[in-house]
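*Asks:* The structure under discussion is supplied below as structure tokens; questions concerning it will follow.
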Amino acid sequence: MPKSVRTENISKILKRIMKSPVSRVELAEELGLTKTTVGEIAKIFLEKEIVVEEKDSPKGVGRPTKSLKISSNCAHVLGIEVTRDEIAACLIDAGMNILAHEAHPLPSQSDREETLNVMYRIIDRARDMMEKLGRKLSAMTVAAPGPIDTERGIIIDPRNFPLSQIPLANLLKEKYGIEVWVENDADMGAVGEKWYTKRDDSFAWILTGKGIGAGIIIDGELYRGENGYAGEIGYTRVFNGNEYVFLEDVCNEDVVLEHVRSMGFSSLAEARDSGDVRVKEYFDDIARYFSIGLLNLIHLFGISKIVIGGFFKELGENFLKKIKIEVETHLLYKHSVDMSFSKVQEPVIAFGAAVHALENYLERVTTS
């Protein structure tokens with residue numbers, strides 16, 4: 001549903017204040033809003049104790065200005081990443097300070113009940129931690145493999161996933177009495193990268209793991225597409241020499257590890273550093289397949305900045321250079337492509353999910 005102009009303005013101002021302290025005058029100038037609009041919305045934020053005012057250092061003659069800053073204790077939110085192998089969580093305050101993060105492996109072939117029980121224990125710990133500090137858990141977002149029905153909070157049908165086709169958002173909302181959202185894991189990785197590195201440009205964040213996907217940021221905003229699954233490059237069709245298969249069928253973590261072990265290596269790092277010509281040829285093949293998905297993203301969305309997260313980082317800089325060469329060789333027209341491994345060491349997807357919960361929670365509080 002489209003946002004009203006007022007809600008849109010509240011969202012713009014809120015996100016700008018979340019980025020860094022800013023004065024009312026600066027808000028009006030940066031966002032192209034009237035001082036009256038900014039003043040009215042700032043008053044709402046102050047009344048609801050979402051922001052605080054702090055005096056700036058004098059910059060010359062006259063009264064010092066006041067900046068608006070998010071009040072760190074106005075909300076505490078949880079981001080959860082659910083994969084086929086583990087559940088990770090990240091607890092943050094409204095200032096996006098990480099208060100705690102943890103990851104717990106799931107038993108092999110875990111069923112729905114077992115997976116939910118692990119998730120419940122993680123959420124219970126976060127809630128108990130907040131209660132001991134005299135605070136409460138405000139909201140949470142769960143990130144999971146797509147496709148996701150974000151409106152209904154349902155993980156639709158990723159392959160071999162135990163939490164498919166259940167009303168997960170409603171289930172958690174009823175159990176914990178807080179707002180809950182369910183989002184795509186690659187999208188939340190992109191959100192985490194954006195906020196952790198304080199960037200406002202356009203880029204694609206690539207998730208490499210049991211599946212392959214992309215979160216797309218356009219001019220600082222997450223782009224989902226009309227049906228909510230923009231960036232599912234793992235479903236790009238590639239030819240493996242015998243037949244057309246999905247990109248993630250030849251590039252996912254399990255397949256790559258299995259092939260590396262078949263060559264006599266116990267880990268990706270051992271294979272990468274071995275100097276074995278078979279490994280180089282195999283990694284070059286993976287780079288060629290992977291570049292097809294990246295080229296589609298670049299050509300369809302006009303993005304020239306690619307950030308790669310997940311297990312591909314273990315394949316090393318030579319692998320990254322090979323991908324870049326493959327991409328630049330087959331571009332529609334020659335231009336520079338900024339390609340890098342993500343440098344974020346924290347649980348970026350769970351962190352992104354927490355920031356998503358924070359944005360949505362604060363927006364609902366201010367518009368209610």
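Each chain of the structure tokens is named A, B, ... in the order shown, its residues numbered from 1; ligands are numbered from 1 in display order.
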Check which residues of segment 58-107 of chain A sit at most 10 Å from segment 179-201 of chain A using only C-alpha atoms, and return one row each with the closest pair of atoms and their distance in Å to one decimal, ordered by chain and rising number, as a Markdown table.
*Replies:*
| residue | atom | partner | partner_atom | distance |
| --- | --- | --- | --- | --- |
| A:Val77 | CA | A:Glu179 | CA | 9.9 |
| A:Leu78 | CA | A:Val180 | CA | 9.6 |
| A:Gly79 | CA | A:Met188 | CA | 9.4 |
| A:Ile80 | CA | A:Val182 | CA | 9.4 |
| A:Glu81 | CA | A:Asp185 | CA | 7.0 |
| A:Val82 | CA | A:Asp185 | CA | 8.2 |
| A:Thr83 | CA | A:Asp185 | CA | 8.8 |
| A:Met96 | CA | A:Trp195 | CA | 8.7 |
*Asks:* Set the distance at 12 Å and use only C-alpha atoms: which residues neighbour Met129 of chain A once local chain neighbours fewer than 4 positions away are removed? I'd like the list as a ChimeraX atom specification.
*Replies:* /A:76-78,91-92,99-101,122-125,133-137
*Asks:* Can you write just those residues out, N, CA and C atoms, as an mmCIF file, in the first residue's frame?
*Replies:*
data_model
loop_
_atom_site.group_PDB
_atom_site.id
_atom_site.type_symbol
_atom_site.label_atom_id
_atom_site.label_comp_id
_atom_site.auth_asym_id
_atom_site.auth_seq_id
_atom_site.Cartn_x
_atom_site.Cartn_y
_atom_site.Cartn_z
ATOM 1 N N HIS A 76 14.623 -1.511 21.634
ATOM 2 C CA HIS A 76 15.613 -2.595 21.581
ATOM 3 C C HIS A 76 15.008 -3.693 20.716
ATOM 4 N N VAL A 77 15.707 -4.047 19.673
ATOM 5 C CA VAL A 77 15.128 -4.943 18.665
ATOM 6 C C VAL A 77 16.062 -6.105 18.374
ATOM 7 N N LEU A 78 15.473 -7.166 17.835
ATOM 8 C CA LEU A 78 16.216 -8.392 17.569
ATOM 9 C C LEU A 78 16.138 -8.741 16.094
ATOM 10 N N LEU A 91 21.091 -8.520 18.723
ATOM 11 C CA LEU A 91 20.272 -7.614 19.517
ATOM 12 C C LEU A 91 20.907 -6.229 19.505
ATOM 13 N N ILE A 92 20.131 -5.205 19.119
ATOM 14 C CA ILE A 92 20.659 -3.846 19.065
ATOM 15 C C ILE A 92 19.724 -2.876 19.783
ATOM 16 N N LEU A 99 24.269 -5.101 21.136
ATOM 17 C CA LEU A 99 24.294 -5.452 22.552
ATOM 18 C C LEU A 99 24.685 -6.909 22.762
ATOM 19 N N ALA A 100 24.315 -7.759 21.825
ATOM 20 C CA ALA A 100 24.648 -9.187 21.918
ATOM 21 C C ALA A 100 24.425 -9.821 20.557
ATOM 22 N N HIS A 101 25.213 -10.829 20.253
ATOM 23 C CA HIS A 101 24.926 -11.640 19.062
ATOM 24 C C HIS A 101 25.410 -13.062 19.309
ATOM 25 N N ILE A 122 16.518 -18.672 21.697
ATOM 26 C CA ILE A 122 17.322 -17.484 21.402
ATOM 27 C C ILE A 122 16.543 -16.212 21.730
ATOM 28 N N ILE A 123 15.271 -16.170 21.313
ATOM 29 C CA ILE A 123 14.432 -14.992 21.595
ATOM 30 C C ILE A 123 14.224 -14.833 23.097
ATOM 31 N N ASP A 124 14.006 -15.944 23.800
ATOM 32 C CA ASP A 124 13.810 -15.884 25.255
ATOM 33 C C ASP A 124 15.025 -15.285 25.949
ATOM 34 N N ARG A 125 16.228 -15.651 25.479
ATOM 35 C CA ARG A 125 17.443 -15.104 26.094
ATOM 36 C C ARG A 125 17.533 -13.598 25.883
ATOM 37 N N LEU A 133 17.793 -5.584 32.417
ATOM 38 C CA LEU A 133 18.257 -4.200 32.292
ATOM 39 C C LEU A 133 17.124 -3.194 32.495
ATOM 40 N N GLY A 134 15.945 -3.709 32.832
ATOM 41 C CA GLY A 134 14.793 -2.833 33.031
ATOM 42 C C GLY A 134 14.208 -2.328 31.724
ATOM 43 N N ARG A 135 14.476 -3.028 30.628
ATOM 44 C CA ARG A 135 13.973 -2.649 29.309
ATOM 45 C C ARG A 135 13.091 -3.770 28.768
ATOM 46 N N LYS A 136 12.561 -3.547 27.585
ATOM 47 C CA LYS A 136 11.772 -4.606 26.963
ATOM 48 C C LYS A 136 12.157 -4.753 25.492
ATOM 49 N N LEU A 137 11.916 -5.927 24.963
ATOM 50 C CA LEU A 137 12.142 -6.180 23.545
ATOM 51 C C LEU A 137 10.995 -5.550 22.764
#
*Asks:* Give me, as an mmCIF file with N, CA and C atoms, in the first residue's frame, the residues of segment 183-246 of chain A that a backbone DSSP run labels helix (DSSP H, G or I).
*Replies:*
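The result, written out as part_8.cif:
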data_model
loop_
_atom_site.group_PDB
_atom_site.id
_atom_site.type_symbol
_atom_site.label_atom_id
_atom_site.label_comp_id
_atom_site.auth_asym_id
_atom_site.auth_seq_id
_atom_site.Cartn_x
_atom_site.Cartn_y
_atom_site.Cartn_z
ATOM 1 N N ASP A 185 16.726 -13.133 3.278
ATOM 2 C CA ASP A 185 18.044 -13.042 3.922
ATOM 3 C C ASP A 185 19.029 -12.168 3.142
ATOM 4 N N ALA A 186 19.049 -12.277 1.808
ATOM 5 C CA ALA A 186 19.971 -11.444 1.032
ATOM 6 C C ALA A 186 19.602 -9.966 1.139
ATOM 7 N N ASP A 187 18.301 -9.679 1.161
ATOM 8 C CA ASP A 187 17.856 -8.287 1.341
ATOM 9 C C ASP A 187 18.354 -7.732 2.673
ATOM 10 N N MET A 188 18.264 -8.538 3.722
ATOM 11 C CA MET A 188 18.705 -8.075 5.032
ATOM 12 C C MET A 188 20.231 -7.966 5.098
ATOM 13 N N GLY A 189 20.932 -8.793 4.320
ATOM 14 C CA GLY A 189 22.382 -8.637 4.224
ATOM 15 C C GLY A 189 22.746 -7.297 3.612
ATOM 16 N N ALA A 190 21.979 -6.900 2.579
ATOM 17 C CA ALA A 190 22.213 -5.602 1.938
ATOM 18 C C ALA A 190 21.919 -4.455 2.909
ATOM 19 N N VAL A 191 20.828 -4.584 3.673
ATOM 20 C CA VAL A 191 20.493 -3.557 4.665
ATOM 21 C C VAL A 191 21.591 -3.473 5.731
ATOM 22 N N GLY A 192 22.078 -4.624 6.179
ATOM 23 C CA GLY A 192 23.151 -4.645 7.161
ATOM 24 C C GLY A 192 24.416 -3.995 6.641
ATOM 25 N N GLU A 193 24.776 -4.306 5.411
ATOM 26 C CA GLU A 193 25.962 -3.706 4.781
ATOM 27 C C GLU A 193 25.805 -2.193 4.678
ATOM 28 N N LYS A 194 24.624 -1.760 4.257
ATOM 29 C CA LYS A 194 24.351 -0.323 4.087
ATOM 30 C C LYS A 194 24.533 0.437 5.394
ATOM 31 N N TRP A 195 23.908 -0.047 6.459
ATOM 32 C CA TRP A 195 23.937 0.697 7.712
ATOM 33 C C TRP A 195 25.252 0.520 8.457
ATOM 34 N N TYR A 196 25.848 -0.646 8.380
ATOM 35 C CA TYR A 196 27.101 -0.877 9.105
ATOM 36 C C TYR A 196 28.240 -0.064 8.509
ATOM 37 N N ILE A 233 19.299 -14.199 -7.970
ATOM 38 C CA ILE A 233 20.197 -14.623 -9.059
ATOM 39 C C ILE A 233 20.563 -16.100 -8.971
ATOM 40 N N GLY A 234 20.306 -16.719 -7.820
ATOM 41 C CA GLY A 234 20.568 -18.154 -7.707
ATOM 42 C C GLY A 234 19.733 -18.973 -8.667
ATOM 43 N N TYR A 235 18.634 -18.376 -9.178
ATOM 44 C CA TYR A 235 17.762 -19.078 -10.112
ATOM 45 C C TYR A 235 18.052 -18.703 -11.566
#
*Asks:* Quick one: residues within 10 Å of segment 30-33 of chain A, only C-alpha atoms, excluding same-chain residues fewer than 3 positions away - as a list in words?
*Replies:* Asn9, Lys12, Ile13, Arg16, Arg24, Val25, Glu26, Leu27, Thr36, Thr37 and Val38 of chain A
*Asks:* Keeping only C-alpha atoms, write the selected residues to a file as a tab-separated table (two decimals), in the first residue's frame.
*Replies:*
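And here is the file that came out, result_21.tsv:
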chain	number	residue	atom	x	y	z
A	9	ASN	CA	8.15	12.55	5.19
A	12	LYS	CA	12.65	10.26	5.35
A	13	ILE	CA	13.36	12.34	8.43
A	16	ARG	CA	18.20	10.70	8.16
A	24	ARG	CA	16.22	20.96	11.73
A	25	VAL	CA	17.69	23.41	9.21
A	26	GLU	CA	19.95	20.72	7.77
A	27	LEU	CA	17.02	18.31	7.54
A	36	THR	CA	7.43	23.93	9.15
A	37	THR	CA	7.09	20.27	8.08
A	38	VAL	CA	10.40	19.36	9.69
*Asks:* Within segment 102-290 of chain A, find each residue whose DSSP state, derived from the backbone, is strand (DSSP E), and express the selection as a ChimeraX atom specification.
*Replies:* /A:102-105,139-144,148-149,154-155,179-184,203-208,212-218,221-223,237-239,244-246
*Asks:* Which residues are near Glu314 of chain A? Cut-off 9 Å, only C-alpha atoms, ignore same chain within fewer than 4 positions. Put them as a compact mmCIF listing (two decimals) with C-alpha atoms, in the first residue's frame.
*Replies:*
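Generated file (around.txt):
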# COMPACT_ATOMS: atom_id res chain seq x y z
CA LEU A 268 38.41 -24.40 0.99
CA ALA A 269 41.42 -22.63 2.52
CA ARG A 272 42.90 -22.28 -2.24
CA GLY A 310 29.27 -15.43 2.58
*Asks:* For a test of reading the model, state the distance in Å between atom CA of Lys35 of chain A and atom CA of Val5 of chain A, rounded to one decimal.
*Replies:*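 Straight-line distance from atom CA of Lys35 of chain A to atom CA of Val5 of chain A works out to 15.7 Å.
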*Asks:* For a quick check of understanding, using only C-alpha atoms, which of A:Ile17, A:Leu106, A:Val256, A:Ile306 has the smallest distance to Tyr282 of chain A?
*Replies:*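 Nearest candidate to Tyr282 of chain A out of A:Ile17, A:Leu106, A:Val256, A:Ile306: A:Val256.
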*Asks:* For atom CA of Ile298 of chain A and atom CA of Glu253 of chain A, determine how far apart the two atoms are, in Å to one decimal place.
*Replies:*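 Atom CA of Glu253 of chain A lies at a distance of 23.4 Å from atom CA of Ile298 of chain A.
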*Asks:* From the options A:Val22, A:Leu297, A:Val51, A:Met263, which residue's atoms come nearest to Leu362 of chain A, counting only C-alpha atoms?
*Replies:*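 Closest residue, counting only C-alpha atoms: A:Val51.
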*Asks:* Sorted by chain and rising residue number, list the residues of segment 209-284 of chain A at most 12 Å from segment 342-352 of chain A (counting only C-alpha atoms), each with its closest atom pair and distance in Å to one decimal, as CSV.
*Replies:*
residue,atom,partner,partner_atom,distance
A:Ala214,CA,A:Ile349,CA,12.0
A:Gly215,CA,A:Ile349,CA,10.6
A:Leu222,CA,A:Gly352,CA,11.3
*Asks:* Can you spit out the residues from that selection as a short mmCIF file (atom, residue, chain, number, x, y, z; two decimals), in the first residue's frame, using C-alpha atoms?
*Replies:*
data_model
loop_
_atom_site.label_atom_id
_atom_site.label_comp_id
_atom_site.auth_asym_id
_atom_site.auth_seq_id
_atom_site.Cartn_x
_atom_site.Cartn_y
_atom_site.Cartn_z
CA ALA A 214 21.29 -10.71 -3.99
CA GLY A 215 19.95 -7.78 -2.02
CA LEU A 222 16.14 -1.50 -0.57
#
*Asks:* Considering only C-alpha atoms, can you say which of A:Gly211, A:Glu226, A:Glu174, A:Ile325 comes closest to Val255 of chain A?
*Replies:*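 Of all the options, A:Gly211 lies closest to Val255 of chain A.
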*Asks:* Considering only C-alpha atoms, can you say which of A:Leu332, A:Leu257, A:Leu207, A:Ala144 comes closest to Ala271 of chain A?
*Replies:*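 Answer, going by the shortest atom-to-atom distance: A:Leu257.
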*Asks:* Point out the residue among A:Asp111, A:Glu326, A:Glu131, A:Glu221 with the least atom-to-atom distance to Ala287 of chain A, counting only C-alpha atoms.
*Replies:*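 Of A:Asp111, A:Glu326, A:Glu131, A:Glu221, the one nearest Ala287 of chain A, counting only C-alpha atoms, is A:Glu326.
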